[in-house]
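These notes concern the structure reproduced below.
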Amino acid sequence: MNYYSENDIRQIVADVLSRSGFNGAKGMEIPVEISARHVHLSKADKEALFGAGYTLTRKRDLSQPGQYLCEERVKLVTASGEIANVAVLGPERKQTQVELSLTDARILGLKPPIRLSGDLRNAADVMIIGPKGVITARGSVIVAKAHVHMTPEDARKYGVEHGRSVNIRIGTERSVTLNDVQVRVDKNFGLAVHIDYDEANAAQVSGGNIVGCLQKNG
């Protein structure tokens with residue numbers, strides 16, 4: 001009969017989990033970033049809120065190339081509530097989009113769909129107040145679906161493709177596995193998992209160098 005030490009057993013388990021792409025598998029780690037509530041504005045809506053010819057002020061670049069946090073802030077208002085000091089992200093988009101957590105949505109009395117950025121089917125309405133004006137942004141509010149940004153090279157490394165659904169294991173003290181996380185592949189993307197504050201709080205993620213482990217689910 002063969003007897004295995006605790007260390008031997010741990011190594012055997014680690015090897016099995018590694019081959020299955022489970023949490024802790026070497027090379028399957030991906031940085032995890034928290035996406036707070038924010039607004040993307042169209043050119044027309046930007047000028048309605050901040051004035052004709054207004055240019056958004058870049059505060060700092062974000063991890064996704066070409067995307068940046070602006071100095072400007074707006075207020076979101078509904079008949080049920082309001083949220084002030086909401087960040088504006090640049091650059092301008094063709095259509096205004098508001099991304100909230102489910103907790104934010106409840107504050108505003110809204111029931112927005114969970115969608116990937118850019119998919120505004122059945123999106124909710126909200127009033128946006130800026131220093132120079134007010135707009136009713138119809139069909140603009142979504143709860144962003146958790147997703148993974150990666151380049152084609154990253155996709156080959158992880159053995160996935162654009163549109164694939166994967167699981168992401170976040171191994172903090174309150175470990176959480178996020179299921180049905182959408183893979184988004186583009187040559188201009190930076191490698192990162194994006195989650196909102198509800199998901200971050202559930203997994204005890206508060207920023208810093210947190211990584212998740214990609215698990216292929218089929």
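As shown in the structure tokens, the chain order sets the letters A, B, ...; within each chain, residues go from 1, and ligands are also counted from 1 in the order they appear.
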Residues near A:Ser117, anyone? I mean within 8 Å using only C-alpha atoms, not counting same-chain ones fewer than 3 positions away, as a PDB file with N, CA and C atoms, in the first residue's frame.
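Printed below is selection35.pdb as written:
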```pdb
ATOM      1  N   LEU A 120     -27.851  47.807 -25.857  1.00  0.00           N
ATOM      2  CA  LEU A 120     -28.838  48.585 -25.103  1.00  0.00           C
ATOM      3  C   LEU A 120     -30.268  48.116 -25.340  1.00  0.00           C
ATOM      4  N   ALA A 144     -23.779  46.174 -16.301  1.00  0.00           N
ATOM      5  CA  ALA A 144     -22.768  45.553 -17.156  1.00  0.00           C
ATOM      6  C   ALA A 144     -22.529  44.099 -16.762  1.00  0.00           C
ATOM      7  N   LYS A 145     -22.619  43.227 -17.743  1.00  0.00           N
ATOM      8  CA  LYS A 145     -22.335  41.807 -17.534  1.00  0.00           C
ATOM      9  C   LYS A 145     -20.835  41.621 -17.325  1.00  0.00           C
TER      10      LYS A 145
END
```
Hey, what's within 9 Å of stretch 87-100 of chain A if we count only C-alpha atoms and toss same-chain stuff fewer than 4 positions away? As JSON, numbers by chain, please? {"A": [35, 36, 37, 38, 39, 40, 41, 42, 43, 45, 46, 56, 57, 58, 66, 67, 68, 69, 70, 71, 72, 73, 74, 104, 105, 112, 117, 118, 120, 126, 137, 138, 139, 140, 141, 142, 143, 144, 196]}
Can you spit out the residues from that selection as a tab-separated table (two decimals), in the first residue's frame, using C-alpha atoms?
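Written output follows (out-v4.tsv):
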```tsv
chain	number	residue	atom	x	y	z
A	35	SER	CA	-15.81	49.01	-12.80
A	36	ALA	CA	-17.68	51.64	-10.77
A	37	ARG	CA	-20.88	53.31	-11.95
A	38	HIS	CA	-20.22	55.58	-14.90
A	39	VAL	CA	-21.64	57.29	-17.96
A	40	HIS	CA	-20.56	57.32	-21.61
A	41	LEU	CA	-21.94	60.34	-23.47
A	42	SER	CA	-22.77	61.01	-27.09
A	43	LYS	CA	-21.52	64.29	-28.54
A	45	ASP	CA	-25.73	64.78	-24.93
A	46	LYS	CA	-22.29	65.96	-23.78
A	56	LEU	CA	-14.21	66.56	-21.78
A	57	THR	CA	-11.18	66.86	-19.49
A	58	ARG	CA	-9.01	63.75	-19.33
A	66	GLY	CA	-8.00	54.76	-25.57
A	67	GLN	CA	-10.43	54.83	-22.64
A	68	TYR	CA	-10.07	57.44	-19.91
A	69	LEU	CA	-11.68	58.82	-16.78
A	70	CYS	CA	-12.81	62.45	-17.06
A	71	GLU	CA	-12.80	65.20	-14.47
A	72	GLU	CA	-16.48	65.85	-15.16
A	73	ARG	CA	-19.29	64.42	-13.02
A	74	VAL	CA	-23.07	64.21	-13.49
A	104	ASP	CA	-27.40	51.47	-7.82
A	105	ALA	CA	-30.40	50.52	-9.91
A	112	PRO	CA	-32.21	47.59	-16.19
A	117	SER	CA	-21.41	47.28	-23.10
A	118	GLY	CA	-22.96	48.54	-26.33
A	120	LEU	CA	-28.84	48.59	-25.10
A	126	VAL	CA	-32.80	57.97	-16.58
A	137	ALA	CA	-31.41	59.46	-21.59
A	138	ARG	CA	-33.95	56.98	-22.90
A	139	GLY	CA	-32.87	53.38	-23.35
A	140	SER	CA	-29.45	54.05	-21.84
A	141	VAL	CA	-29.16	52.22	-18.49
A	142	ILE	CA	-27.72	48.71	-18.19
A	143	VAL	CA	-26.06	46.58	-15.56
A	144	ALA	CA	-22.77	45.55	-17.16
A	196	ASP	CA	-18.96	45.78	-10.79
```
Mind checking DSSP for stretch 15-190 of chain A and telling me the strand (DSSP E or B) residues as a ChimeraX atom specification? /A:29-34,38-42,58-61,68-77,82-93,97-100,114-115,124-129,134-144,147-150,165-170,176-185
Quick one: residues within 12 Å of A:Glu153, only C-alpha atoms counted, chain neighbours fewer than 4 positions away excluded, as number ranges by chain? A: 149, 157-162, 185-191
Go ahead and write the selection's residues with N, CA and C atoms as a short mmCIF file (atom, residue, chain, number, x, y, z; two decimals), in the first residue's frame.
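Output file again.cif is given in full below:
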```cif
data_model
loop_
_atom_site.label_atom_id
_atom_site.label_comp_id
_atom_site.auth_asym_id
_atom_site.auth_seq_id
_atom_site.Cartn_x
_atom_site.Cartn_y
_atom_site.Cartn_z
N HIS A 149 -11.64 41.13 -21.06
CA HIS A 149 -11.00 41.73 -22.24
C HIS A 149 -9.70 40.99 -22.50
N LYS A 157 -3.51 31.94 -25.88
CA LYS A 157 -2.84 31.46 -24.65
C LYS A 157 -3.83 30.74 -23.73
N TYR A 158 -5.02 31.32 -23.58
CA TYR A 158 -6.00 30.74 -22.66
C TYR A 158 -6.89 29.70 -23.32
N GLY A 159 -6.75 29.55 -24.63
CA GLY A 159 -7.54 28.54 -25.33
C GLY A 159 -9.00 28.86 -25.45
N VAL A 160 -9.32 30.15 -25.64
CA VAL A 160 -10.71 30.58 -25.78
C VAL A 160 -10.84 31.47 -27.01
N GLU A 161 -12.07 31.83 -27.34
CA GLU A 161 -12.30 32.69 -28.48
C GLU A 161 -13.37 33.73 -28.15
N HIS A 162 -13.47 34.74 -28.99
CA HIS A 162 -14.44 35.81 -28.79
C HIS A 162 -15.85 35.24 -28.68
N VAL A 185 -12.69 39.70 -27.37
CA VAL A 185 -11.35 39.68 -27.97
C VAL A 185 -11.21 40.79 -28.99
N ASP A 186 -10.15 41.57 -28.86
CA ASP A 186 -9.85 42.63 -29.82
C ASP A 186 -8.37 42.96 -29.70
N LYS A 187 -7.73 43.29 -30.82
CA LYS A 187 -6.30 43.57 -30.80
C LYS A 187 -5.96 44.79 -29.95
N ASN A 188 -6.94 45.66 -29.68
CA ASN A 188 -6.69 46.87 -28.91
C ASN A 188 -7.04 46.74 -27.44
N PHE A 189 -7.46 45.56 -27.00
CA PHE A 189 -7.84 45.38 -25.60
C PHE A 189 -6.62 45.14 -24.72
N GLY A 190 -6.80 45.43 -23.42
CA GLY A 190 -5.83 45.07 -22.40
C GLY A 190 -6.41 43.96 -21.55
N LEU A 191 -5.59 42.98 -21.18
CA LEU A 191 -6.07 41.80 -20.46
C LEU A 191 -6.61 42.17 -19.08
#
```
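For stretch 130-215 of chain A, backbone-based DSSP labels the following residues as alpha helix (DSSP H): Pro152, Glu153, Asp154, Ala155, Arg156, Lys157, Tyr158, Tyr197, Asp198, Glu199, Ala200, Asn201 and Ala202 of chain A.
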Using the selection just defined, write its residues with C-alpha atoms as a CSV table (one decimal), in the first residue's frame.
```
chain,number,residue,atom,x,y,z
A,152,PRO,CA,-6.1,37.5,-29.9
A,153,GLU,CA,-2.7,36.5,-28.5
A,154,ASP,CA,-4.2,36.2,-25.0
A,155,ALA,CA,-7.1,34.2,-26.4
A,156,ARG,CA,-4.7,31.7,-27.9
A,157,LYS,CA,-2.8,31.5,-24.7
A,158,TYR,CA,-6.0,30.7,-22.7
A,197,TYR,CA,-19.0,46.8,-7.1
A,198,ASP,CA,-21.7,44.3,-6.1
A,199,GLU,CA,-19.6,41.4,-7.5
A,200,ALA,CA,-16.4,42.9,-6.0
A,201,ASN,CA,-18.0,43.2,-2.5
A,202,ALA,CA,-19.3,39.6,-2.7
```
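Going from atom CA of A:Lys59 over to atom CA of A:Ser101, you cover 22.9 Å.
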Within 10 Å of stretch 174-181 of chain A, counting only C-alpha atoms, which residues show up once you throw out same-chain ones fewer than 3 positions away? Write them as an NGL selection string, please. :A and (23 or 145-148 or 163-171 or 184 or 193-195 or 199-205 or 212-215 or 217)
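Taking atom CA of A:Ile83 and atom CA of A:Phe50 as the two end points, the separation is 18.1 Å.
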